[in-house]
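Shown here: model.txt, compact mmCIF, C-alpha atoms.
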# COMPACT_ATOMS: atom_id res chain seq x y z
CA MET A 30 0.00 0.00 0.00
CA LYS A 31 1.26 3.48 -0.91
CA THR A 32 0.10 4.84 2.47
CA LEU A 33 2.40 2.46 4.35
CA ALA A 34 5.89 3.53 5.35
CA ILE A 35 6.71 0.17 6.97
CA ASP A 36 5.20 -3.20 6.14
CA CYS A 37 6.45 -6.33 7.90
CA ILE A 38 4.87 -9.58 6.76
CA ASP A 39 5.25 -12.81 8.78
CA LEU A 40 8.86 -12.17 9.80
CA GLU A 41 10.64 -15.12 11.38
CA LYS A 42 14.13 -15.29 12.84
CA VAL A 43 15.79 -18.01 14.91
CA TYR A 44 19.26 -17.63 16.39
CA GLU A 45 21.42 -20.71 16.98
CA SER A 46 24.40 -20.98 19.29
CA ARG A 47 26.70 -23.95 19.87
CA LYS A 48 28.47 -24.74 23.12
CA LEU A 49 31.22 -27.33 23.47
CA GLN A 50 30.15 -29.94 26.04
CA GLY A 51 33.09 -32.34 25.81
CA LEU A 52 36.48 -32.66 24.10
CA ILE A 53 36.99 -36.39 23.55
CA PRO A 54 34.99 -37.04 21.52
CA PRO A 55 33.89 -33.48 20.70
CA LYS A 56 30.28 -32.98 21.73
CA TRP A 57 28.33 -29.85 20.90
CA LYS A 58 25.07 -28.59 22.36
CA THR A 59 22.97 -26.44 20.05
CA LYS A 60 20.59 -23.86 21.50
CA ARG A 61 17.85 -22.32 19.37
CA VAL A 62 16.23 -19.01 20.35
CA THR A 63 13.21 -17.73 18.44
CA ALA A 64 13.56 -13.96 18.08
CA LEU A 65 10.65 -13.36 15.68
CA ASN A 66 7.64 -15.62 15.27
CA SER A 67 5.46 -14.64 12.27
CA LEU A 68 5.66 -10.95 13.16
CA SER A 69 3.51 -8.63 11.05
CA LEU A 70 3.44 -4.87 11.51
CA GLN A 71 2.24 -1.97 9.38
CA VAL A 72 3.16 1.67 10.02
CA LYS A 73 1.46 4.51 8.15
CA ARG A 74 3.41 7.37 6.62
CA GLY A 75 3.85 10.26 9.02
CA GLU A 76 2.94 8.09 12.01
CA ILE A 77 4.82 7.51 15.25
CA MET A 78 4.51 3.83 16.08
CA GLY A 79 5.67 2.73 19.52
CA LEU A 80 7.14 -0.76 19.75
CA LEU A 81 7.11 -2.01 23.34
CA GLY A 82 8.18 -5.36 24.70
CA PRO A 83 10.20 -7.09 27.41
CA ASN A 84 13.94 -7.59 26.97
CA GLY A 85 14.53 -10.27 24.37
CA ALA A 86 11.05 -9.90 22.85
CA GLY A 87 12.37 -9.17 19.33
CA LYS A 88 12.46 -5.36 19.12
CA THR A 89 16.13 -5.05 18.15
CA THR A 90 15.88 -7.88 15.63
CA THR A 91 12.92 -6.15 13.99
CA ILE A 92 14.82 -2.86 13.73
CA GLN A 93 17.89 -4.56 12.27
CA ILE A 94 15.79 -6.21 9.56
CA LEU A 95 14.03 -2.94 8.70
CA ALA A 96 17.40 -1.16 8.51
CA GLY A 97 18.70 -3.70 6.00
CA LEU A 98 21.27 -5.03 8.46
CA LEU A 99 19.84 -8.49 9.10
CA VAL A 100 18.18 -11.12 6.91
CA PRO A 101 15.19 -12.98 8.41
CA ASP A 102 14.70 -16.70 7.99
CA ASN A 103 11.25 -16.13 6.49
CA GLY A 104 8.92 -13.26 5.68
CA ASP A 105 9.25 -9.88 4.02
CA ALA A 106 9.83 -6.30 5.13
CA TYR A 107 9.17 -3.20 3.04
CA ILE A 108 10.13 0.44 3.57
CA HIS A 109 8.13 2.74 1.28
CA GLY A 110 7.56 -0.24 -0.97
CA ILE A 111 11.25 -1.21 -1.16
CA ASN A 112 12.09 -4.75 -0.04
CA ALA A 113 14.56 -4.40 2.82
CA ILE A 114 15.73 -7.98 2.35
CA ALA A 115 16.23 -7.99 -1.41
CA GLU A 116 17.46 -4.39 -1.72
CA PRO A 117 19.12 -3.44 1.59
CA GLU A 118 21.32 -0.72 0.05
CA ARG A 119 18.28 1.14 -1.33
CA VAL A 120 16.58 0.88 2.05
CA LYS A 121 19.61 2.29 3.86
CA ARG A 122 19.26 5.47 1.78
CA ILE A 123 15.78 6.18 3.15
CA VAL A 124 16.12 4.85 6.72
CA GLY A 125 17.92 6.42 9.66
CA VAL A 126 18.77 4.42 12.77
CA VAL A 127 19.33 6.17 16.10
CA ALA A 128 20.22 4.25 19.26
CA GLY A 129 19.78 6.35 22.38
CA GLY A 130 22.80 6.46 24.66
CA ASP A 131 25.05 4.95 21.97
CA THR A 132 27.66 7.60 21.18
CA ARG A 133 30.29 5.14 19.94
CA GLN A 134 29.72 6.19 16.33
CA LEU A 135 30.72 9.77 17.07
CA TYR A 136 34.33 10.77 17.63
CA ASN A 137 35.36 12.61 20.81
CA LYS A 138 38.15 14.67 19.22
CA LEU A 139 35.99 15.86 16.30
CA ASN A 140 33.64 18.77 16.70
CA ALA A 141 29.93 18.58 15.91
CA ARG A 142 30.30 19.73 12.30
CA GLU A 143 33.24 17.42 11.61
CA ASN A 144 31.33 14.42 12.99
CA LEU A 145 28.34 15.14 10.74
CA ARG A 146 30.61 15.76 7.75
CA TYR A 147 32.30 12.40 8.30
CA TRP A 148 28.94 10.59 8.28
CA GLY A 149 27.81 12.56 5.27
CA HIS A 150 30.85 11.32 3.36
CA LEU A 151 29.98 7.74 4.31
CA HIS A 152 26.59 8.29 2.70
CA GLY A 153 28.20 9.58 -0.48
CA MET A 154 27.43 13.23 0.22
CA ASP A 155 29.89 16.06 -0.45
CA GLY A 156 30.31 19.71 -1.38
CA PRO A 157 27.85 22.56 -0.78
CA TYR A 158 24.85 20.22 -0.45
CA LEU A 159 26.46 18.42 2.50
CA GLU A 160 27.46 21.66 4.21
CA GLU A 161 23.95 23.05 3.79
CA ARG A 162 22.52 19.85 5.21
CA ILE A 163 24.86 20.09 8.22
CA ASP A 164 23.83 23.71 8.78
CA PHE A 165 20.17 22.72 8.66
CA LEU A 166 20.59 19.82 11.12
CA LEU A 167 22.70 21.81 13.60
CA GLU A 168 19.98 24.45 13.69
CA LEU A 169 17.25 21.82 13.87
CA VAL A 170 18.78 20.16 16.96
CA GLY A 171 19.83 23.45 18.52
CA LEU A 172 23.60 22.95 18.31
CA GLN A 173 24.56 25.65 15.81
CA ASP A 174 26.27 27.65 18.56
CA ARG A 175 28.29 24.60 19.66
CA GLN A 176 29.26 23.28 16.23
CA ASP A 177 32.96 24.02 16.75
CA ASP A 178 33.13 22.32 20.16
CA GLU A 179 34.69 18.87 20.44
CA PHE A 180 32.14 16.14 21.01
CA GLU A 181 33.76 15.04 24.28
CA LYS A 182 32.73 18.37 25.82
CA PHE A 183 29.03 17.80 25.16
CA SER A 184 26.51 17.05 27.91
CA LEU A 185 24.46 13.87 27.61
CA GLY A 186 21.46 15.78 26.28
CA MET A 187 23.58 17.54 23.65
CA SER A 188 25.21 14.23 22.72
CA GLN A 189 21.79 12.64 22.16
CA ARG A 190 20.80 15.50 19.88
CA LEU A 191 23.97 15.11 17.82
CA VAL A 192 23.38 11.34 17.62
CA LEU A 193 19.93 12.13 16.24
CA ALA A 194 21.39 14.57 13.72
CA ARG A 195 23.87 11.91 12.61
CA GLY A 196 21.00 9.50 11.91
CA MET A 197 19.31 12.18 9.79
CA ILE A 198 22.34 13.35 7.81
CA HIS A 199 21.11 11.66 4.59
CA ASP A 200 17.54 13.01 5.05
CA PRO A 201 15.85 9.62 5.62
CA GLU A 202 12.09 9.33 5.26
CA VAL A 203 11.82 6.75 8.07
CA LEU A 204 13.55 6.95 11.46
CA LEU A 205 14.07 3.94 13.71
CA LEU A 206 14.55 5.39 17.19
CA ASP A 207 15.78 2.93 19.80
CA GLU A 208 15.47 4.37 23.34
CA PRO A 209 15.96 8.02 22.25
CA THR A 210 15.56 9.36 25.83
CA LEU A 211 17.81 6.76 27.48
CA GLY A 212 19.86 8.26 30.30
CA LEU A 213 18.49 11.79 29.92
CA ASP A 214 17.49 13.86 32.94
CA PRO A 215 13.80 14.92 33.09
CA LYS A 216 14.41 18.31 31.45
CA ALA A 217 16.51 16.90 28.61
CA SER A 218 14.02 14.04 28.14
CA ARG A 219 11.14 16.50 27.84
CA GLU A 220 13.09 18.54 25.28
CA MET A 221 13.85 15.40 23.26
CA ARG A 222 10.21 14.31 23.28
CA SER A 223 9.09 17.75 22.14
CA PHE A 224 11.73 17.74 19.41
CA ILE A 225 10.62 14.35 18.08
CA LYS A 226 6.95 15.29 18.03
CA LYS A 227 7.15 18.85 16.71
CA LYS A 228 10.31 19.02 14.63
CA LEU A 229 10.58 15.53 13.17
CA VAL A 230 6.93 14.62 12.64
CA GLU A 231 4.90 17.82 12.45
CA GLU A 232 7.51 19.89 10.55
CA GLN A 233 9.66 17.29 8.77
CA GLU A 234 6.82 14.75 8.24
CA LYS A 235 9.04 11.82 9.16
CA THR A 236 7.73 8.36 9.96
CA ILE A 237 9.05 7.01 13.25
CA LEU A 238 9.25 3.55 14.78
CA LEU A 239 10.05 4.11 18.44
CA THR A 240 11.24 1.59 21.01
CA THR A 241 11.45 2.47 24.68
CA HIS A 242 11.02 1.03 28.16
CA GLU A 243 9.64 4.34 29.43
CA MET A 244 5.87 4.04 29.27
CA HIS A 245 5.21 7.78 29.60
CA VAL A 246 7.48 8.43 26.60
CA ALA A 247 5.63 5.88 24.47
CA GLU A 248 2.24 7.18 25.54
CA GLU A 249 3.09 10.83 24.93
CA LEU A 250 4.67 10.33 21.50
CA SER A 251 2.95 7.36 19.86
CA ASP A 252 -0.10 7.53 17.63
CA ARG A 253 -0.36 3.76 18.04
CA ILE A 254 1.58 1.22 20.07
CA ALA A 255 2.46 -2.35 19.15
CA ILE A 256 3.30 -4.66 22.04
CA ILE A 257 5.64 -7.50 21.15
CA ASN A 258 6.23 -10.60 23.25
CA ARG A 259 8.21 -13.72 22.35
CA GLY A 260 8.65 -12.50 18.78
CA SER A 261 4.98 -11.80 17.99
CA ILE A 262 2.72 -8.75 18.15
CA VAL A 263 0.24 -9.49 20.94
CA ALA A 264 -1.63 -6.16 20.79
CA LEU A 265 -1.69 -3.07 18.58
CA ASP A 266 -3.85 0.00 19.12
CA GLU A 267 -3.96 3.57 20.35
CA PRO A 268 -2.60 3.98 23.91
CA SER A 269 -6.06 4.69 25.33
CA LYS A 270 -7.47 1.56 23.67
CA LEU A 271 -4.66 -0.57 25.10
CA ARG A 272 -5.47 0.67 28.60
CA GLU A 273 -9.06 -0.39 28.07
CA MET A 274 -7.90 -3.98 27.47
CA VAL A 275 -6.90 -4.33 31.12
CA PRO A 276 -9.60 -6.16 33.10
CA ASN A 277 -10.78 -4.25 36.16
CA ASP A 278 -10.18 -0.74 34.88
CA PHE A 279 -9.34 0.88 38.22
CA ARG A 280 -6.41 0.51 40.58
CA ILE A 281 -6.72 1.35 44.26
CA GLN A 282 -3.54 1.97 46.24
CA VAL A 283 -4.13 1.30 49.92
CA ASP A 284 -1.69 2.07 52.78
CA ILE A 285 -2.43 0.32 56.08
CA ARG A 286 -0.50 0.60 59.35
CA ASN A 287 -0.49 -2.19 61.97
CA ILE A 288 -1.96 -4.70 59.58
CA THR A 289 -3.00 -8.13 60.87
CA PRO A 290 -3.18 -11.51 59.11
CA GLN A 291 -6.97 -11.27 59.44
CA ILE A 292 -7.05 -7.99 57.50
CA GLN A 293 -4.66 -9.30 54.88
CA GLN A 294 -6.82 -12.36 54.37
CA ALA A 295 -9.95 -10.18 54.09
CA LEU A 296 -8.27 -8.06 51.42
CA SER A 297 -7.35 -11.13 49.40
CA TYR A 298 -10.59 -13.05 49.69
CA ASN A 299 -13.28 -10.38 49.94
CA GLY A 300 -13.91 -10.10 46.21
CA LEU A 301 -10.80 -7.98 45.73
CA VAL A 302 -7.91 -8.70 43.35
CA VAL A 303 -4.56 -7.77 44.96
CA GLN A 304 -2.06 -6.98 42.21
CA ASP A 305 0.84 -6.02 44.45
CA HIS A 306 1.76 -5.93 48.15
CA LYS A 307 4.89 -4.56 49.76
CA TYR A 308 5.99 -3.19 53.10
CA LEU A 309 7.31 0.39 53.12
CA GLU A 310 9.74 0.46 56.01
CA HIS A 311 10.36 4.22 55.96
CA GLU A 312 6.61 4.86 56.29
CA ASN A 313 5.85 1.82 58.45
CA VAL A 314 2.88 0.84 56.27
CA ASP A 315 1.82 -2.09 54.11
CA ARG A 316 0.91 -0.93 50.61
CA PHE A 317 -1.57 -2.89 48.51
CA VAL A 318 -2.51 -2.28 44.88
CA ILE A 319 -5.98 -3.66 44.20
CA SER A 320 -7.66 -3.90 40.80
CA THR A 321 -11.42 -3.49 40.50
CA ASP A 322 -14.21 -2.59 38.10
CA ASP A 323 -16.34 -1.13 40.90
CA GLU A 324 -14.33 1.38 42.91
CA GLU A 325 -17.07 2.27 45.41
CA ARG A 326 -17.66 -1.35 46.40
CA ALA A 327 -13.90 -2.01 46.60
CA ILE A 328 -13.29 1.00 48.85
CA LYS A 329 -16.12 -0.10 51.15
CA ARG A 330 -14.62 -3.60 51.41
CA VAL A 331 -11.17 -2.16 52.19
CA ILE A 332 -12.66 -0.07 55.00
CA ASP A 333 -14.58 -3.06 56.35
CA ALA A 334 -11.37 -5.13 56.33
CA VAL A 335 -9.41 -2.48 58.28
CA ARG A 336 -12.19 -2.31 60.87
CA LEU A 337 -11.47 -5.94 61.80
CA SER A 338 -8.64 -4.65 64.04
CA GLU A 339 -8.78 -1.77 66.50
CA GLU A 340 -5.02 -1.17 66.15
CA ALA A 341 -5.02 -0.98 62.34
CA ARG A 342 -5.12 2.39 60.63
CA LEU A 343 -6.03 3.22 57.04
CA VAL A 344 -3.25 5.74 56.32
CA GLY A 345 -4.00 6.43 52.68
CA ILE A 346 -6.16 5.38 49.77
CA ASP A 347 -5.68 6.50 46.17
CA LEU A 348 -7.78 5.67 43.11
CA ARG A 349 -6.45 5.70 39.57
CA GLU A 350 -7.41 4.27 36.20
CA ALA A 351 -5.39 1.53 34.53
CA THR A 352 -2.16 2.87 33.00
CA LEU A 353 -0.19 1.89 29.92
CA GLU A 354 2.22 0.12 32.26
CA ASP A 355 -0.69 -1.94 33.62
CA ALA A 356 -1.64 -2.80 30.04
CA PHE A 357 1.95 -3.73 29.18
CA VAL A 358 2.27 -6.06 32.18
CA PHE A 359 -1.12 -7.62 31.46
CA LEU A 360 -0.52 -8.11 27.72
CA THR A 361 2.97 -9.59 28.11
CA ASP A 362 1.77 -12.20 30.58
CA ASP A 363 2.90 -15.46 28.98
CA ASN A 364 -0.21 -17.22 30.29
CA LEU A 365 -2.51 -14.82 28.45
CA GLU A 366 -4.04 -15.20 25.01
CA VAL A 367 -4.89 -11.89 23.35
CA SER A 368 -6.26 -11.17 19.90
CA VAL A 369 -4.42 -8.42 18.02
CA ASN A 370 -6.29 -5.34 16.81
CA ALA A 371 -4.65 -3.82 13.75

Could I get this file's structure written as structure tokens?
Amino acid sequence: MKTLAIDCIDLEKVYESRKLQGLIPPKWKTKRVTALNSLSLQVKRGEIMGLLGPNGAGKTTTIQILAGLLVPDNGDAYIHGINAIAEPERVKRIVGVVAGGDTRQLYNKLNARENLRYWGHLHGMDGPYLEERIDFLLELVGLQDRQDDEFEKFSLGMSQRLVLARGMIHDPEVLLLDEPTLGLDPKASREMRSFIKKKLVEEQEKTILLTTHEMHVAEELSDRIAIINRGSIVALDEPSKLREMVPNDFRIQVDIRNITPQIQQALSYNGLVVQDHKYLEHENVDRFVISTDDEERAIKRVIDAVRLSEEARLVGIDLREATLEDAFVFLTDDNLEVSVNA
């Protein structure tokens, strides 16, 4: 489809490793790890698609295939209609890959302009066009006043912006952003998120596939989010729709001091679903997180449970709706079967 920037069709990838078990006679043990299991994913042009998943779920493998750096065992992947497997060099001309926190591809003793010029040469760029492109990117990422400074003098936030500029030196139509806010302080992270949304998408009309472990980053930036687990997409929808997939839409956080086994049992068996329980030593309270679809009834049952002991005190109670993090934990539960909405 012409409206698709990214189209992955039934991608499969299995990694094999061999470990020597004995010398005489030589005995090898082969381990097979399935990275992608019939993964299909479509991203529209001009869209920010979040790709969330546990470690080892297949996110990096997917990005490497889309960037033309890795060949899958089966399936196809297209970037703007170009087959990333059959024509990886053409794909590399229209895709930019940016790994947050990875500054190894920039050189400490070169200044910002020299680093970008080096990468422009690697992409076959030269002359006035390259210099104009460098000027444009330095202004875009707000580093025009620091272009003559050596890279080793940059703060982490500035380094991340230069890493992003490096990935855009050849003016790619699709950006694969892997943890773009990794390691940034709250202020720098907010600036990066604003830059991605306003400068890259709204002004530059780029298509972005974003991976992150920070749920608030994914929720703020993504038009849609795909959740991957064990190499397959287990859910795909708008962030608000993913939250609605969590059973028992509300979460009640309850802090109780001087709790008794009787109260704890009442909380667990009084029609309430306890999602989490931990003791906060610095506050001397037991904190419970309870899921429910009827907050008024749940609060009443919590109060009734606390009243079972004269010494117990209900220190705090807080009600919130299910979050994207709740949805992520729920949807990546290996014991769960979920139908994917595309």

So that all listed atoms of range 57-72 of chain A fit with 3 Å spare on each side, what axis-aligned box centre and edge lengths in Å, to one decimal, would you give as JSON?
{"center_x": 15.3, "center_y": -14.1, "center_z": 15.9, "size_x": 32.1, "size_y": 37.5, "size_z": 19.0}

>> Please report the interatomic distance between CA of Ala194 in chain A and CA of Glu143 in chain A in Å with one decimal.
In response: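 Computing the Euclidean distance for CA of Ala194 in chain A and CA of Glu143 in chain A yields 12.4 Å.
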
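Using all atoms listed in the file, the nearest neighbour of Pro117 in chain A within the list A:Tyr136, A:Leu95, A:Val302, A:Thr241 is A:Leu95.
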
> Taking into account all atoms listed in the file, which residue in the set A:Asn277, A:Gln282, A:Thr236, A:Gln293 is nearest to Val124 in chain A?
Replying inline: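 Using all atoms listed in the file, Val124 in chain A sits closest to A:Thr236.
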
> Quick one: of A:Arg195, A:Lys226, A:Arg61, A:Arg326, who's nearest to Gln134 in chain A, counting only C-alpha atoms?
Replying inline: A:Arg195

>> I'd like to know which of A:Ser69, A:Thr352, A:Thr210, A:Thr321 is closest to Glu248 in chain A, using only C-alpha atoms.
In response: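 Once distances to Glu248 in chain A are computed over only C-alpha atoms, the minimum belongs to A:Thr352.
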
Quick one: which range 52-150 of chain A residues come within 8 Å of range 255-272 of chain A, and what is the nearest atom pair for each with the distance in Å to one decimal, counting only C-alpha atoms, rows ordered by chain and ascending number, as JSON lines?
{"residue": "A:Thr63", "atom": "CA", "partner": "A:Gly260", "partner_atom": "CA", "distance": 6.9}
{"residue": "A:Ala64", "atom": "CA", "partner": "A:Gly260", "partner_atom": "CA", "distance": 5.2}
{"residue": "A:Leu65", "atom": "CA", "partner": "A:Gly260", "partner_atom": "CA", "distance": 3.8}
{"residue": "A:Asn66", "atom": "CA", "partner": "A:Gly260", "partner_atom": "CA", "distance": 4.8}
{"residue": "A:Ser67", "atom": "CA", "partner": "A:Ser261", "partner_atom": "CA", "distance": 6.4}
{"residue": "A:Leu68", "atom": "CA", "partner": "A:Ser261", "partner_atom": "CA", "distance": 5.0}
{"residue": "A:Ser69", "atom": "CA", "partner": "A:Ile262", "partner_atom": "CA", "distance": 7.1}
{"residue": "A:Leu70", "atom": "CA", "partner": "A:Ile262", "partner_atom": "CA", "distance": 7.7}
{"residue": "A:Met78", "atom": "CA", "partner": "A:Ala255", "partner_atom": "CA", "distance": 7.2}
{"residue": "A:Gly79", "atom": "CA", "partner": "A:Ala255", "partner_atom": "CA", "distance": 6.0}
{"residue": "A:Leu80", "atom": "CA", "partner": "A:Ala255", "partner_atom": "CA", "distance": 5.0}
{"residue": "A:Leu81", "atom": "CA", "partner": "A:Ile256", "partner_atom": "CA", "distance": 4.8}
{"residue": "A:Gly82", "atom": "CA", "partner": "A:Ile257", "partner_atom": "CA", "distance": 4.9}
{"residue": "A:Pro83", "atom": "CA", "partner": "A:Asn258", "partner_atom": "CA", "distance": 6.7}
{"residue": "A:Gly85", "atom": "CA", "partner": "A:Arg259", "partner_atom": "CA", "distance": 7.5}
{"residue": "A:Ala86", "atom": "CA", "partner": "A:Arg259", "partner_atom": "CA", "distance": 4.8}
{"residue": "A:Gly87", "atom": "CA", "partner": "A:Gly260", "partner_atom": "CA", "distance": 5.0}
{"residue": "A:Lys88", "atom": "CA", "partner": "A:Ile257", "partner_atom": "CA", "distance": 7.4}

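A straight line drawn from CA of Ser251 in chain A to CA of Leu172 in chain A is 25.9 Å long.
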
>> With distances taken over all atoms listed in the file, which residue among A:Arg162, A:Gln291, A:Gly130, A:Ile225 lies nearest Leu213 in chain A?
In response: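 Closest candidate: A:Gly130.
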
>> Between A:Ile108, A:Ile328, A:Ile346, A:Ile38, which residue has the minimum interatomic distance to Ile237 in chain A, considering only C-alpha atoms?
In response: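 Using only C-alpha atoms, Ile237 in chain A sits closest to A:Ile108.
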
> Any idea what the distance is between CA of Asn313 in chain A and CA of Asp347 in chain A?
Replying inline: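 Computing the Euclidean distance for CA of Asn313 in chain A and CA of Asp347 in chain A yields 17.5 Å.
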
For Ser218 in chain A, please output as a tab-separated table (two decimals) with C-alpha atoms, in the coordinates of the input all residues within 12 Å (counting all atoms listed in the file; exclusion window: fewer than 4 positions along the same chain).
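Printed below is result.tsv as written:
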chain	number	residue	atom	x	y	z
A	129	GLY	CA	19.78	6.35	22.38
A	185	LEU	CA	24.46	13.87	27.61
A	186	GLY	CA	21.46	15.78	26.28
A	187	MET	CA	23.58	17.54	23.65
A	189	GLN	CA	21.79	12.64	22.16
A	190	ARG	CA	20.80	15.50	19.88
A	208	GLU	CA	15.47	4.37	23.34
A	209	PRO	CA	15.96	8.02	22.25
A	210	THR	CA	15.56	9.36	25.83
A	211	LEU	CA	17.81	6.76	27.48
A	212	GLY	CA	19.86	8.26	30.30
A	213	LEU	CA	18.49	11.79	29.92
A	214	ASP	CA	17.49	13.86	32.94
A	222	ARG	CA	10.21	14.31	23.28
A	223	SER	CA	9.09	17.75	22.14
A	224	PHE	CA	11.73	17.74	19.41
A	225	ILE	CA	10.62	14.35	18.08
A	243	GLU	CA	9.64	4.34	29.43
A	245	HIS	CA	5.21	7.78	29.60
A	246	VAL	CA	7.48	8.43	26.60
A	249	GLU	CA	3.09	10.83	24.93

> Quick one: residues within 12 Å of Tyr308 in chain A, all atoms listed in the file counted, chain neighbours fewer than 2 positions away excluded, as a PyMOL selection string?
Replying inline: chain A and resi 283-288+305-306+310-318
